[in-house]
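Engineer: The structure under discussion is supplied below as structure tokens; questions concerning it will follow.
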Number of protein chains: 2
Amino acid sequence: MPADIQTIAVVGTGVIGNGWITRYLAHGYDVVATDPADGAEERMRKAVEQAWPYVDELGLADGASKDRLHFEQDVAKAVADADFIQENVPEIEDLKESVLAEIDRYAKKDAIIASSTSGIKPSYLQRGLEYPERFVVAHPFHPVYILPLVEVVPGQATSKAFTDRATAFFEGMNMKALLVRNEIEGHIADRLIEAIWRESLHIVNEGIATTEEVDQAFIYGAGLRYAQYGPFLTFHLAGGEGGMRHMLKQFGPALKKPWTKLEAPELTDELHDRVVAGCEEQSGECSLSDLDQNRNEFLVKLLDLVKDYWPEATKDQQSKV
Amino acid sequence: MPADIQTIAVVGTGVIGNGWITRYLAHGYDVVATDPADGAEERMRKAVEQAWPYVDELGLADGASKDRLHFEQDVAKAVADADFIQENVPEIEDLKESVLAEIDRYAKKDAIIASSTSGIKPSYLQRGLEYPERFVVAHPFHPVYILPLVEVVPGQATSKAFTDRATAFFEGMNMKALLVRNEIEGHIADRLIEAIWRESLHIVNEGIATTEEVDQAFIYGAGLRYAQYGPFLTFHLAGGEGGMRHMLKQFGPALKKPWTKLEAPELTDELHDRVVAGCEEQSGECSLSDLDQNRNEFLVKLLDLVKDYWPEATKDQQSKV
């Protein structure tokens with residue numbers, strides 16, 4: 001636990017806010033939460049209660065306790081003593097801006113302010129702040145108390161010192177803190193998720209398949225692979241001994257085909273080389289054959305694990321939990 | 001094992017063809033393979049050898065043996081005695097058409113002919129066949145000998161009897177045979193994979209992130225979820241107590257934002273209702289809370305399993321295999 005962060009304020013206690021709260025508590029922090037909605041405190045405490053068995057199984061820090069969570073109606077009071085403030089209000093630009101301005105006004109000057117925004121660029125959100133250098137986007141993934149990824153996105157006015165402190169803080173909580181070096185709407189992960197989502201909606205909209213068929217088409221094939229390797233290493237391994245180089249040769253022309261509603265970029269020599277070199281760099285000392293065996297060993301174990309948790313295993317019965 | 005299928009011919013022994021061969025052998029079939037490329041037989045036998053430990057671990061059928069694999073240079077002879085023929089030549093339309101015509105000419109009249117095509121519609125591929133009623137697309141996922149999904153896509157001229165036989169055959173090999181009821185380029189799964197792929201290429205092409213960063217942004221968050229639930233149930237669960245209905249309310253407007261290069265469909269009332277009803281239908285008797293607990297239980301176990309198999313665990317060392 002970084003010594004400079006002891007108390008955390010969470011502003012907005014929806015699904016994401018409550019997820020953060022659970023993760024912070026599990027890692028031994030004091031948490032002050034605030035939310036103007038009726039019944040917010042009760043829902044928050046229920047959400048933490050329900051999530052607790054899982055963070056307990058993942059391992060609690062010394063002194064971690066649900067009793068170290070306090071609810072405070074007033075935003076100014078909630079953030080006053082916090083070393084780190086996580087904002088999770090709904091994805092409405094004006095609302096985020098006004099709440100962040102309020103946080104900025106009442107927080108300690110060296111407190112880090114992080115926004116969970118899914119899509120808005122940090123440079124946009126920090127424009128109205130008096131101390132914008134301590135603002136970053138820290139975008140997590142549901143369920144926040146289990147999944148390790150957080151995208152850390154500094155804006156143009158963010159200082160490197162604050163970005164580094166935020167990154168160290170998340171890594172101290174057993175998270176994969178991915179520094180997003182270039183701002184873009186949706187950061188990185190949500191652009192991929194949104195691409196899947198939009199294509200899925202097109203398929204359902206055009207009556208090609210039901211939501212269930214789309215889900216089945218994803219989880220029993222590609223989805224299993226994506227728990228381990230991303231889109232690039234997956235294709236690097238699907239290319240046989242030629243790896244990504246062979247894959248681009250064989251499926252490069254398919255980028256022109258109507259295999260999705262999304263137009264692909266031109267596969268220039270430069271893009272080709274960047275992708276091939278990227279995959280080789282990612283593989284480090286591992287040969288394609290090593291990666292291949294590693295994937296197989298994982299998938300065999302994953303299949304054995306997941307078969308009891310797929311929808312068809314649970315659809316017509318109560319969960320075993 | 002369906003009694004009407006004993007011998008299988010595999011035409012084209014690249015990564016996908018060899019994957020099918022391994023799966024067929026593991027399930028106790030006799031397999032005859034053919035491929036005109038120099039050294040094809042040697043590469044095929046090596047691929048089967050390397051994959052065998054994994055199918056062995058998944059469980060071999062009685063009598064399953066690598067010795068029941070025969071290589072035959074001549075396509076006509078390779079397919080002559082087969083009850084089921086799987087075509088896996090490169091994704092070039094003219095080439096597929098001419099190879100399928102040759103298979104059609106020499107195969108037994110009641111043999112099923114299946115193509116592994118990633119993207120081409122079956123009605124297009126079956127146009128030139130004398131007996132098009134026994135032709136289906138059967139699109140698998142790499143590694144074919146481990147992943148359970150196969151998309152079964154009948155064309156306009158395919159008979160229901162042959163589609164049903166093909167489906168029963170794949171289910172007999174422990175596969176998830178998903179009937180794709182409406183032909184579309186890329187079937188279903190590859191449209192989603194291609195959407196991820198194209199957006200990933202855009203991100204790398206524009207210099208936003210490296211291939212490794214894109215992969216990290218995917219696997220440590222969304223990728224873990226997709227091993228269990230697809231895009232619809234995932235969002236159904238991210239919406240809190242309101243499920244998909246709440247999610248569409250909160251993130252529906254984001255469909256208009258530039259969060260991916262892909263244009264979304266209009267979120268009409270009809271699409272809204274279809275998606276909400278679809279998710280409710282998929283959930284069966286399970287409440288959102290049941291699904292939520294089921295996902296958490298799975299993810300906690302998955303994290304424990306996958307941590308030793310992620311790229312950073314293996315990057316600078318030989319695989320443990």
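We label chains A, B, ... in the order they appear in the structure tokens, count residues from 1 in each chain, and number ligands from 1 in the order shown.
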Mind the document's chain letters and residue numbers, and return as a ChimeraX atom specification the residues of stretch 61-278 of chain A that DSSP labels helix (DSSP H, G or I).
Structural biologist: /A:66-68,75-80,93-106,122-125,132-134,160-172,189-205,211-226,231-238,240-251,253-256,269-278
Engineer: Any idea what's packed within 10 Å of A:Glu281, counting only C-alpha atoms, ignoring anything in its chain fewer than 4 positions away? Could you give it as a ChimeraX atom specification?
Structural biologist: /A:275-277,285-286 /B:211-212,315
Engineer: Show me, as a PyMOL selection string, the residues of chain B whose atoms get within 6 Å of chain A, using only C-alpha atoms for the distance check.
Structural biologist: chain B and resi 15+141+147-149+182+185-186+189+191-192+195-196+198+202+205+208+211-212+215+217-221+223-224+226-228+230+240+259-260+262+264-265+271+278+282-286+290+310+315-316+319
Engineer: Filtering to N, CA and C atoms, could you give me those residues as a short mmCIF file (atom, residue, chain, number, x, y, z; two decimals), in the first residue's frame?
Structural biologist:
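Contents of again31.cif, freshly written:
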```
data_model
loop_
_atom_site.label_atom_id
_atom_site.label_comp_id
_atom_site.auth_asym_id
_atom_site.auth_seq_id
_atom_site.Cartn_x
_atom_site.Cartn_y
_atom_site.Cartn_z
N VAL B 15 -3.60 -25.30 -40.94
CA VAL B 15 -3.85 -25.27 -39.50
C VAL B 15 -5.24 -25.81 -39.17
N PHE B 141 -13.17 -23.37 -34.88
CA PHE B 141 -12.33 -22.33 -34.30
C PHE B 141 -11.01 -22.92 -33.82
N LEU B 147 -11.32 -26.37 -28.99
CA LEU B 147 -12.49 -25.49 -28.85
C LEU B 147 -13.77 -26.17 -29.33
N PRO B 148 -14.85 -26.00 -28.59
CA PRO B 148 -16.07 -26.76 -28.90
C PRO B 148 -16.95 -26.21 -30.02
N LEU B 149 -16.83 -24.93 -30.37
CA LEU B 149 -17.80 -24.35 -31.30
C LEU B 149 -17.60 -24.77 -32.75
N ASN B 182 -29.59 -18.03 -40.79
CA ASN B 182 -29.61 -17.09 -41.91
C ASN B 182 -28.18 -16.88 -42.41
N GLU B 185 -22.26 -13.12 -44.72
CA GLU B 185 -20.81 -13.19 -44.87
C GLU B 185 -20.16 -13.20 -43.49
N GLY B 186 -19.25 -14.14 -43.24
CA GLY B 186 -18.59 -14.22 -41.95
C GLY B 186 -19.40 -14.96 -40.90
N ALA B 189 -19.87 -15.67 -35.66
CA ALA B 189 -18.70 -15.47 -34.79
C ALA B 189 -17.61 -14.64 -35.45
N ARG B 191 -17.85 -12.42 -37.62
CA ARG B 191 -18.22 -11.00 -37.73
C ARG B 191 -17.82 -10.26 -36.45
N LEU B 192 -17.99 -10.93 -35.32
CA LEU B 192 -17.60 -10.31 -34.05
C LEU B 192 -16.07 -10.26 -33.94
N ALA B 195 -14.78 -7.63 -36.22
CA ALA B 195 -15.01 -6.28 -35.70
C ALA B 195 -13.91 -5.90 -34.70
N ILE B 196 -13.58 -6.84 -33.81
CA ILE B 196 -12.47 -6.60 -32.86
C ILE B 196 -11.18 -6.38 -33.62
N ARG B 198 -10.60 -5.45 -36.78
CA ARG B 198 -10.51 -4.21 -37.56
C ARG B 198 -10.31 -3.00 -36.64
N HIS B 202 -7.15 -0.44 -36.57
CA HIS B 202 -7.27 1.02 -36.58
C HIS B 202 -6.43 1.65 -35.46
N ASN B 205 -2.83 1.29 -36.31
CA ASN B 205 -2.54 2.10 -37.49
C ASN B 205 -2.44 3.59 -37.16
N ILE B 208 -2.15 4.87 -31.72
CA ILE B 208 -2.71 5.05 -30.37
C ILE B 208 -2.02 4.11 -29.39
N THR B 211 0.52 -3.31 -30.44
CA THR B 211 -0.27 -4.56 -30.45
C THR B 211 -0.34 -5.15 -29.03
N GLU B 212 0.76 -5.04 -28.30
CA GLU B 212 0.78 -5.60 -26.95
C GLU B 212 -0.19 -4.86 -26.03
N ASP B 215 -3.69 -5.91 -26.81
CA ASP B 215 -3.97 -7.23 -26.24
C ASP B 215 -4.19 -7.14 -24.73
N ALA B 217 -5.22 -4.58 -23.04
CA ALA B 217 -6.48 -3.89 -22.76
C ALA B 217 -7.67 -4.84 -22.90
N PHE B 218 -7.47 -5.92 -23.63
CA PHE B 218 -8.58 -6.84 -23.84
C PHE B 218 -8.59 -8.00 -22.83
N ILE B 219 -7.44 -8.64 -22.66
CA ILE B 219 -7.46 -9.89 -21.88
C ILE B 219 -7.69 -9.68 -20.39
N TYR B 220 -7.16 -8.60 -19.82
CA TYR B 220 -7.25 -8.45 -18.36
C TYR B 220 -8.61 -7.95 -17.89
N GLY B 221 -9.48 -7.64 -18.82
CA GLY B 221 -10.83 -7.17 -18.46
C GLY B 221 -11.87 -7.99 -19.20
N GLY B 223 -11.85 -9.86 -21.84
CA GLY B 223 -11.52 -11.21 -22.29
C GLY B 223 -11.87 -12.27 -21.26
N LEU B 224 -11.60 -11.95 -19.99
CA LEU B 224 -11.93 -12.92 -18.94
C LEU B 224 -13.43 -13.18 -18.89
N TYR B 226 -15.57 -12.96 -21.36
CA TYR B 226 -16.09 -13.60 -22.57
C TYR B 226 -15.87 -15.11 -22.63
N ALA B 227 -15.07 -15.65 -21.72
CA ALA B 227 -14.95 -17.12 -21.67
C ALA B 227 -16.26 -17.73 -21.18
N GLN B 228 -17.06 -16.93 -20.49
CA GLN B 228 -18.28 -17.47 -19.89
C GLN B 228 -19.56 -16.91 -20.52
N GLY B 230 -21.43 -14.06 -23.34
CA GLY B 230 -21.23 -13.29 -24.56
C GLY B 230 -21.57 -11.82 -24.37
N GLY B 240 -26.53 -3.75 -13.39
CA GLY B 240 -27.03 -3.77 -12.02
C GLY B 240 -28.41 -4.41 -11.97
N TRP B 259 -16.93 5.93 -30.29
CA TRP B 259 -16.20 5.02 -29.41
C TRP B 259 -15.60 3.85 -30.17
N THR B 260 -15.94 3.72 -31.43
CA THR B 260 -15.31 2.76 -32.33
C THR B 260 -15.50 3.34 -33.73
N LEU B 262 -16.90 1.76 -35.95
CA LEU B 262 -18.10 1.13 -36.49
C LEU B 262 -19.36 1.93 -36.16
N ALA B 264 -23.13 2.27 -35.36
CA ALA B 264 -24.11 1.38 -34.73
C ALA B 264 -25.45 1.47 -35.44
N PRO B 265 -26.30 0.45 -35.28
CA PRO B 265 -27.67 0.59 -35.78
C PRO B 265 -28.45 1.56 -34.91
N LEU B 271 -35.72 -2.79 -31.59
CA LEU B 271 -34.42 -3.39 -31.26
C LEU B 271 -34.24 -3.45 -29.75
N GLY B 278 -34.53 -10.91 -25.30
CA GLY B 278 -33.53 -11.94 -25.58
C GLY B 278 -32.74 -12.27 -24.33
N GLN B 282 -32.66 -15.79 -22.36
CA GLN B 282 -31.40 -16.50 -22.16
C GLN B 282 -31.16 -16.88 -20.70
N SER B 283 -31.67 -16.03 -19.81
CA SER B 283 -31.40 -16.25 -18.39
C SER B 283 -32.23 -17.38 -17.81
N GLY B 284 -33.28 -17.77 -18.52
CA GLY B 284 -34.12 -18.87 -18.05
C GLY B 284 -34.64 -18.61 -16.66
N GLU B 285 -34.49 -19.60 -15.79
CA GLU B 285 -35.00 -19.48 -14.42
C GLU B 285 -34.05 -18.70 -13.52
N CYS B 286 -32.86 -18.38 -14.03
CA CYS B 286 -31.87 -17.71 -13.18
C CYS B 286 -32.20 -16.24 -13.01
N ASP B 290 -28.54 -14.60 -9.34
CA ASP B 290 -27.95 -15.93 -9.54
C ASP B 290 -26.82 -15.87 -10.57
N TRP B 310 -0.85 -16.26 -18.65
CA TRP B 310 -0.84 -15.00 -19.37
C TRP B 310 0.54 -14.74 -19.96
N LYS B 315 6.55 -14.93 -20.88
CA LYS B 315 7.28 -14.17 -21.90
C LYS B 315 8.79 -14.44 -21.89
N ASP B 316 9.36 -14.49 -20.71
CA ASP B 316 10.82 -14.59 -20.64
C ASP B 316 11.29 -15.96 -20.17
N SER B 319 8.06 -22.34 -22.14
CA SER B 319 6.80 -22.87 -21.63
C SER B 319 7.12 -24.01 -20.66
#
```
Engineer: Please list as a PDB file with C-alpha atoms, in the first residue's frame every residue within 12 Å of B:Ser115, counting only C-alpha atoms and excluding residues in the same chain fewer than 2 positions away.
Structural biologist:
```
ATOM      1  CA  ALA B   9     -11.908 -37.333 -45.648  1.00  0.00           C
ATOM      2  CA  VAL B  10     -10.104 -34.062 -44.967  1.00  0.00           C
ATOM      3  CA  VAL B  11      -9.221 -31.950 -48.003  1.00  0.00           C
ATOM      4  CA  GLY B  12      -6.585 -29.325 -47.255  1.00  0.00           C
ATOM      5  CA  ILE B  16      -7.619 -25.845 -39.652  1.00  0.00           C
ATOM      6  CA  GLY B  17      -7.480 -29.106 -41.621  1.00  0.00           C
ATOM      7  CA  TRP B  20     -10.068 -31.286 -37.673  1.00  0.00           C
ATOM      8  CA  PHE B  84     -18.124 -37.163 -44.304  1.00  0.00           C
ATOM      9  CA  ILE B  85     -15.789 -34.792 -46.143  1.00  0.00           C
ATOM     10  CA  GLN B  86     -14.331 -31.647 -44.628  1.00  0.00           C
ATOM     11  CA  GLU B  87     -12.887 -29.067 -47.039  1.00  0.00           C
ATOM     12  CA  ASN B  88     -10.266 -26.628 -45.689  1.00  0.00           C
ATOM     13  CA  VAL B  89      -8.463 -25.129 -48.674  1.00  0.00           C
ATOM     14  CA  PRO B  90      -7.386 -21.455 -48.586  1.00  0.00           C
ATOM     15  CA  GLU B  91     -10.105 -18.784 -48.447  1.00  0.00           C
ATOM     16  CA  GLU B  93     -13.560 -18.381 -53.764  1.00  0.00           C
ATOM     17  CA  LYS B  96     -12.931 -23.494 -53.037  1.00  0.00           C
ATOM     18  CA  GLU B  97     -15.451 -23.812 -55.853  1.00  0.00           C
ATOM     19  CA  VAL B  99     -12.127 -28.208 -55.133  1.00  0.00           C
ATOM     20  CA  LEU B 100     -15.716 -28.648 -53.949  1.00  0.00           C
ATOM     21  CA  ILE B 103     -15.169 -33.589 -54.175  1.00  0.00           C
ATOM     22  CA  ILE B 112     -21.904 -35.031 -46.290  1.00  0.00           C
ATOM     23  CA  ILE B 113     -19.657 -32.311 -47.709  1.00  0.00           C
ATOM     24  CA  THR B 117     -14.915 -21.405 -44.856  1.00  0.00           C
ATOM     25  CA  SER B 118     -14.618 -18.448 -42.477  1.00  0.00           C
ATOM     26  CA  GLY B 119     -16.674 -16.058 -44.484  1.00  0.00           C
ATOM     27  CA  ILE B 120     -18.259 -17.334 -47.704  1.00  0.00           C
ATOM     28  CA  LYS B 121     -21.977 -18.108 -47.814  1.00  0.00           C
ATOM     29  CA  PRO B 122     -22.937 -21.750 -48.395  1.00  0.00           C
ATOM     30  CA  SER B 123     -25.458 -20.914 -51.133  1.00  0.00           C
ATOM     31  CA  TYR B 124     -22.600 -19.407 -53.099  1.00  0.00           C
ATOM     32  CA  LEU B 125     -20.292 -22.403 -52.624  1.00  0.00           C
ATOM     33  CA  GLN B 126     -22.915 -25.018 -53.456  1.00  0.00           C
ATOM     34  CA  ARG B 134     -25.552 -32.501 -48.910  1.00  0.00           C
ATOM     35  CA  PHE B 135     -23.378 -29.390 -48.634  1.00  0.00           C
ATOM     36  CA  VAL B 136     -23.088 -27.287 -45.440  1.00  0.00           C
ATOM     37  CA  VAL B 137     -20.639 -24.813 -44.023  1.00  0.00           C
ATOM     38  CA  ALA B 138     -19.104 -26.195 -40.816  1.00  0.00           C
ATOM     39  CA  HIS B 139     -16.914 -23.428 -39.488  1.00  0.00           C
ATOM     40  CA  PRO B 140     -14.662 -24.352 -36.525  1.00  0.00           C
ATOM     41  CA  VAL B 150     -18.725 -25.229 -34.867  1.00  0.00           C
ATOM     42  CA  GLU B 151     -21.096 -22.997 -36.840  1.00  0.00           C
ATOM     43  CA  VAL B 152     -23.304 -25.152 -39.064  1.00  0.00           C
ATOM     44  CA  VAL B 153     -24.696 -23.078 -41.927  1.00  0.00           C
ATOM     45  CA  PRO B 154     -27.011 -24.655 -44.512  1.00  0.00           C
ATOM     46  CA  GLY B 155     -27.374 -22.999 -47.913  1.00  0.00           C
ATOM     47  CA  ALA B 166     -24.030 -32.945 -39.755  1.00  0.00           C
TER      48      ALA B 166
END
```
Engineer: Would you pick out the contacts of B:Lys109 at 9 Å or less, using only C-alpha atoms, so that residues sharing its chain but fewer than 4 positions from it are not included, and give the list as a list of chain:residue names?
Structural biologist: B:Asp104, B:Arg105, B:Tyr131, B:Arg134
Engineer: Can you work out the spacing between atom CA of B:Val79 and atom CA of B:Val31 in Å, to one decimal?
Structural biologist: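 Separating atom CA of B:Val79 from atom CA of B:Val31 is a distance of 10.1 Å.
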Engineer: Could you please write out, as a ChimeraX atom specification, every residue of stretch 30-67 of chain B that DSSP assigns to strand (DSSP E)?
Structural biologist: /B:30-34
Engineer: Have a look at A:Glu42, A:Gly63, A:Thr34, A:Asp83 and name the one nearest to A:Gln6; count only C-alpha atoms.
Structural biologist: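 Checking each candidate against A:Gln6, we get A:Asp83 as the closest.
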Engineer: What does the distance from atom CA of A:Asp30 to atom CA of A:Lys160 come to in Å, to one decimal?
Structural biologist: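 Separation between atom CA of A:Asp30 and atom CA of A:Lys160: 25.8 Å.
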